[in-house]
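Note: the block below is entry22.cif and it holds mmCIF, C-alpha atoms.
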data_structure
loop_
_atom_site.label_atom_id
_atom_site.label_comp_id
_atom_site.auth_asym_id
_atom_site.auth_seq_id
_atom_site.Cartn_x
_atom_site.Cartn_y
_atom_site.Cartn_z
CA MET A 185 -31.75 -7.56 -4.88
CA ASP A 186 -29.09 -7.89 -2.17
CA ALA A 187 -26.97 -4.88 -1.31
CA PRO A 188 -23.28 -5.28 -2.17
CA ALA A 189 -21.09 -6.38 0.73
CA ARG A 190 -19.17 -3.62 2.45
CA LYS A 191 -15.52 -3.56 1.47
CA THR A 192 -12.85 -3.66 4.13
CA THR A 193 -11.08 -0.28 4.24
CA ILE A 194 -7.30 -0.14 4.41
CA LEU A 195 -4.95 2.81 4.70
CA PHE A 196 -1.34 2.14 3.71
CA LEU A 197 0.87 4.61 5.57
CA CYS A 198 4.48 5.50 4.81
CA THR A 199 6.75 8.46 5.44
CA GLY A 200 6.03 10.55 2.35
CA ASN A 201 3.46 8.59 0.32
CA THR A 202 5.73 8.69 -2.73
CA CYS A 203 6.64 5.05 -3.32
CA ARG A 204 5.80 2.04 -1.10
CA SER A 205 2.37 3.14 0.08
CA GLN A 206 1.44 4.22 -3.47
CA MET A 207 2.46 0.78 -4.74
CA ALA A 208 0.48 -0.99 -2.01
CA GLU A 209 -2.64 1.07 -2.69
CA ALA A 210 -2.40 0.42 -6.44
CA TRP A 211 -1.79 -3.32 -6.04
CA THR A 212 -4.71 -3.62 -3.64
CA ARG A 213 -7.02 -1.82 -6.05
CA ARG A 214 -5.79 -4.08 -8.88
CA LEU A 215 -5.83 -7.43 -7.08
CA TRP A 216 -8.79 -7.00 -4.71
CA PRO A 217 -11.23 -4.50 -6.30
CA ASP A 218 -14.35 -6.16 -4.88
CA ARG A 219 -12.93 -6.84 -1.45
CA PHE A 220 -10.87 -3.89 -0.23
CA GLU A 221 -11.18 -0.13 -0.47
CA ALA A 222 -7.56 1.02 -0.43
CA TYR A 223 -6.05 4.40 0.40
CA SER A 224 -2.52 5.60 0.98
CA ALA A 225 -0.98 8.55 2.78
CA GLY A 226 2.21 9.78 4.37
CA VAL A 227 3.05 11.15 7.77
CA GLU A 228 4.95 13.98 6.05
CA ALA A 229 4.06 16.18 3.08
CA ILE A 230 6.00 15.37 -0.10
CA SER A 231 5.31 16.94 -3.48
CA ALA A 232 5.38 14.14 -6.08
CA VAL A 233 5.22 10.39 -6.54
CA ASP A 234 8.69 8.96 -7.13
CA PRO A 235 9.26 8.74 -10.92
CA ARG A 236 11.06 5.42 -10.57
CA ALA A 237 8.08 3.99 -8.68
CA VAL A 238 5.82 5.16 -11.52
CA HIS A 239 8.19 3.55 -14.03
CA VAL A 240 8.41 0.11 -12.40
CA MET A 241 4.69 -0.05 -11.69
CA ALA A 242 4.01 0.78 -15.37
CA GLU A 243 6.33 -2.11 -16.31
CA ALA A 244 4.00 -4.36 -14.29
CA GLY A 245 0.92 -2.92 -16.02
CA VAL A 246 -0.22 -0.67 -13.15
CA ASP A 247 -0.50 3.07 -13.80
CA ILE A 248 0.19 5.29 -10.78
CA ALA A 249 1.27 8.33 -12.81
CA GLN A 250 -1.83 10.33 -11.85
CA GLN A 251 -1.62 9.56 -8.12
CA ARG A 252 -0.44 12.33 -5.82
CA PRO A 253 1.16 12.12 -2.39
CA LYS A 254 -1.08 13.18 0.47
CA THR A 255 -0.94 13.32 4.21
CA VAL A 256 -3.44 11.70 6.53
CA ASP A 257 -5.10 15.11 6.99
CA ALA A 258 -5.89 15.25 3.26
CA LEU A 259 -7.81 11.97 3.27
CA PRO A 260 -11.59 11.84 3.27
CA GLU A 261 -13.23 11.36 6.67
CA LYS A 262 -13.11 7.60 6.98
CA ASN A 263 -13.22 5.03 9.74
CA PHE A 264 -10.57 2.65 8.43
CA ASP A 265 -10.72 -1.01 9.35
CA TYR A 266 -6.94 -1.28 9.08
CA VAL A 267 -4.00 1.10 8.97
CA ILE A 268 -0.89 -0.69 7.73
CA THR A 269 2.41 1.11 8.18
CA LEU A 270 5.01 0.15 5.58
CA CYS A 271 8.13 1.74 7.06
CA GLY A 272 9.65 2.16 10.51
CA HIS A 273 9.26 5.94 10.50
CA ALA A 274 5.54 5.75 9.78
CA ASN A 275 5.15 3.00 12.36
CA GLU A 276 6.87 5.13 15.02
CA ASN A 277 4.98 8.30 14.04
CA CYS A 278 1.59 6.83 13.20
CA PRO A 279 -1.11 9.32 14.12
CA TYR A 280 -4.04 8.33 16.27
CA PHE A 281 -7.00 7.02 14.30
CA PRO A 282 -10.35 7.27 16.05
CA GLY A 283 -12.79 4.49 15.43
CA PRO A 284 -12.22 0.82 14.77
CA ALA A 285 -8.87 1.02 12.94
CA GLN A 286 -6.47 -1.78 13.78
CA VAL A 287 -2.92 -0.46 13.25
CA LEU A 288 -0.51 -3.07 11.90
CA HIS A 289 3.04 -2.94 10.60
CA ARG A 290 4.60 -4.66 7.59
CA GLY A 291 7.85 -2.95 6.75
CA PHE A 292 9.56 -2.82 3.38
CA GLU A 293 12.97 -1.40 2.54
CA ASP A 294 13.04 2.11 1.05
CA PRO A 295 13.76 1.96 -2.71
CA PRO A 296 15.11 5.54 -2.96
CA ARG A 297 17.55 4.86 -0.13
CA LEU A 298 18.59 1.53 -1.69
CA ALA A 299 19.13 3.25 -5.05
CA GLU A 300 21.22 6.14 -3.68
CA HIS A 301 24.53 4.48 -4.45
CA ALA A 302 23.53 2.49 -7.52
CA ALA A 303 26.18 2.43 -10.23
CA SER A 304 23.56 2.79 -12.98
CA GLU A 305 19.92 3.64 -13.55
CA GLU A 306 19.25 -0.03 -14.28
CA GLU A 307 20.73 -1.02 -10.93
CA ALA A 308 18.62 1.65 -9.20
CA LEU A 309 15.48 0.38 -10.93
CA GLY A 310 16.36 -3.13 -9.81
CA HIS A 311 15.84 -2.06 -6.19
CA TYR A 312 12.46 -0.57 -7.07
CA ARG A 313 11.43 -3.71 -8.96
CA ARG A 314 12.32 -5.94 -6.03
CA ILE A 315 10.30 -3.86 -3.56
CA ARG A 316 7.42 -3.61 -6.08
CA ASP A 317 7.35 -7.40 -6.34
CA GLU A 318 7.58 -7.87 -2.56
CA ILE A 319 4.65 -5.50 -2.06
CA ARG A 320 2.62 -7.29 -4.74
CA GLU A 321 3.29 -10.63 -3.03
CA PHE A 322 2.25 -9.13 0.31
CA VAL A 323 -0.95 -7.64 -1.13
CA SER A 324 -1.75 -10.95 -2.88
CA SER A 325 -1.87 -12.63 0.54
CA LEU A 326 -3.55 -9.72 2.34
CA PRO A 327 -6.67 -11.55 3.63
CA GLU A 328 -4.59 -14.34 5.14
CA TRP A 329 -2.03 -11.89 6.54
CA LEU A 330 -4.72 -9.76 8.18
CA SER A 331 -6.26 -12.84 9.76
CA SER A 332 -2.86 -13.98 11.04
CA GLN A 333 -2.38 -10.58 12.69
CA GLY A 334 -5.44 -11.08 14.84
CA GLY A 335 -7.78 -9.22 12.52
CA ALA A 336 -11.31 -10.33 11.90
CA GLN A 337 -11.65 -13.19 9.47
CA ILE A 338 -12.31 -11.61 6.09
CA PRO A 339 -14.72 -13.81 4.13
CA SER A 340 -13.46 -14.74 0.70
CA PRO A 341 -15.72 -14.82 -2.34
CA PHE A 342 -12.81 -16.45 -4.20
CA PHE A 343 -11.90 -20.12 -4.22
CA GLY A 344 -8.64 -19.97 -6.15
CA PRO A 345 -5.51 -17.89 -6.52
CA ILE A 346 -5.69 -14.25 -7.56
CA HIS A 347 -4.18 -13.36 -10.93
CA ALA A 348 -3.69 -9.83 -12.16
#
Structure encoded using structure tokens:
Amino acid sequence: MDAPARKTTILFLCTGNTCRSQMAEAWTRRLWPDRFEAYSAGVEAISAVDPRAVHVMAEAGVDIAQQRPKTVDALPEKNFDYVITLCGHANENCPYFPGPAQVLHRGFEDPPRLAEHAASEEEALGHYRRIRDEIREFVSSLPEWLSSQGGAQIPSPFFGPIHA
């Protein structure tokens, strides 16, 4: 019997690992379970996942309520294939990763910052939903995006679109 193919490892890195990187990790695990091994972390220590991020991901059928923010130092020893920064701060403060990691950037707006001046909770959640959907769209096209960034061609076992 053939051994299973090695999954491509990806670390999604953000400032505090409370919102965008948690969403990206969860979407990757949901949409590409046989293809990518996803992790997320922050460049700073924060205590809890953003409750609004948990709420809007649950609306989309993805449970991140049990996930906890972590810094890069708290991750298992891993030679990542890719480190993808999701905000400018993480991109500017990305730690050095020994090994083969290709560091790439794909920024998304910060939902908590967008929601700061919302007139209502529904308006605040609207910002989170938009970023959630943008991250899902990004993750849906991850193999093509990685290839377009100069990454190694990632072979696809799929011949059609991915549906959650």
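Among the candidate residues A:Arg236, A:Arg204, A:Arg213, A:His289, the one lying nearest to A:Pro253 is A:Arg204, with distances computed using all atoms listed in the file.
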Result set, the PyMOL selection byres ((chain A and resi 208) around 8) on current file, as a PyMOL selection string: chain A and resi 196+204-207+209-212+224+319-320+323
Writer output for current selection, C-alpha atoms, as a CSV table (one decimal), in the frame of the given file:
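Produced file out10.csv, reproduced below:
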chain,number,residue,atom,x,y,z
A,196,PHE,CA,-1.3,2.1,3.7
A,204,ARG,CA,5.8,2.0,-1.1
A,205,SER,CA,2.4,3.1,0.1
A,206,GLN,CA,1.4,4.2,-3.5
A,207,MET,CA,2.5,0.8,-4.7
A,209,GLU,CA,-2.6,1.1,-2.7
A,210,ALA,CA,-2.4,0.4,-6.4
A,211,TRP,CA,-1.8,-3.3,-6.0
A,212,THR,CA,-4.7,-3.6,-3.6
A,224,SER,CA,-2.5,5.6,1.0
A,319,ILE,CA,4.6,-5.5,-2.1
A,320,ARG,CA,2.6,-7.3,-4.7
A,323,VAL,CA,-1.0,-7.6,-1.1
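The residue that comes closest to A:Arg316, out of A:Glu300, A:Glu328, A:Glu293, A:Glu221 and on the basis of only C-alpha atoms, is A:Glu293.
When all atoms listed in the file are used to compute distances to A:Pro235, the closest of the residues A:Phe281, A:Tyr312, A:Tyr223, A:Trp329 turns out to be A:Tyr312.
For the residues A:Ser304, A:Ser332, A:Asn275, A:Thr269, ranking by smallest atom-to-atom distance to A:Leu197 using all atoms listed in the file places A:Thr269 first.
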Distance query A:Cys198 at most 6 Å, only C-alpha atoms, self and fewer than 2 positions along chain excluded, as number ranges by chain: A: 200-201, 205, 226, 269-271, 274
Computed interatomic separation between atom CA of A:Pro279 and atom CA of A:Glu261 (Å): 14.4 Å
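The residue that comes closest to A:His273, out of A:Asp234, A:Glu228, A:Gly245, A:Ala222 and on the basis of all atoms listed in the file, is A:Glu228.
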Minimum-distance residue to A:Lys191, chosen among A:Val233, A:Ala308, A:Val238, A:Phe264 (using all atoms listed in the file): A:Phe264
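One finds atom CA of A:Val240 at 9.7 Å from atom CA of A:Asp317.
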Residue neighbourhood A:Leu309, 10 Å, all atoms listed in the file, exclusion window fewer than 6 positions, as JSON, numbers by chain: {"A": [236, 237, 239, 240, 295, 296, 298, 299, 302, 315]}
For the residues in that selection, give me C-alpha atoms as an mmCIF file, in the frame of the given file.
data_model
loop_
_atom_site.group_PDB
_atom_site.id
_atom_site.type_symbol
_atom_site.label_atom_id
_atom_site.label_comp_id
_atom_site.auth_asym_id
_atom_site.auth_seq_id
_atom_site.Cartn_x
_atom_site.Cartn_y
_atom_site.Cartn_z
ATOM 1 C CA ARG A 236 11.060 5.420 -10.570
ATOM 2 C CA ALA A 237 8.080 3.990 -8.680
ATOM 3 C CA HIS A 239 8.190 3.550 -14.030
ATOM 4 C CA VAL A 240 8.410 0.110 -12.400
ATOM 5 C CA PRO A 295 13.760 1.960 -2.710
ATOM 6 C CA PRO A 296 15.110 5.540 -2.960
ATOM 7 C CA LEU A 298 18.590 1.530 -1.690
ATOM 8 C CA ALA A 299 19.130 3.250 -5.050
ATOM 9 C CA ALA A 302 23.530 2.490 -7.520
ATOM 10 C CA ILE A 315 10.300 -3.860 -3.560
#
Point (-16.3, -7.5, 0.2) neighbourhood (6 Å, only C-alpha atoms) written as a ChimeraX atom specification: /A:189-191,218-219
Output C-alpha atoms of each residue in that selection to a file, as a short mmCIF file (atom, residue, chain, number, x, y, z; two decimals), keeping the file's coordinate frame.
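Contents of again.cif, freshly written:
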data_model
loop_
_atom_site.label_atom_id
_atom_site.label_comp_id
_atom_site.auth_asym_id
_atom_site.auth_seq_id
_atom_site.Cartn_x
_atom_site.Cartn_y
_atom_site.Cartn_z
CA ALA A 189 -21.09 -6.38 0.73
CA ARG A 190 -19.17 -3.62 2.45
CA LYS A 191 -15.52 -3.56 1.47
CA ASP A 218 -14.35 -6.16 -4.88
CA ARG A 219 -12.93 -6.84 -1.45
#
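If you apply the PyMOL selection byres ((chain A and resi 263) around 8) to this structure, you end up with Thr193, Glu261, Lys262, Phe264, Asp265, Phe281, Pro282, Gly283, Pro284 and Ala285 of chain A.
Note that the spacing between atom CA of A:Pro217 and atom CA of A:Gly310 amounts to 27.8 Å.
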Selection near A:Val287, 6 Å with only C-alpha atoms, sequence-local residues under 2 positions removed, as a PyMOL selection string: chain A and resi 266-268
Who sits within 7 Å of A:Val256, only C-alpha atoms, same chain under 2 positions skipped, as a PyMOL selection string: chain A and resi 225-227+254+258-259
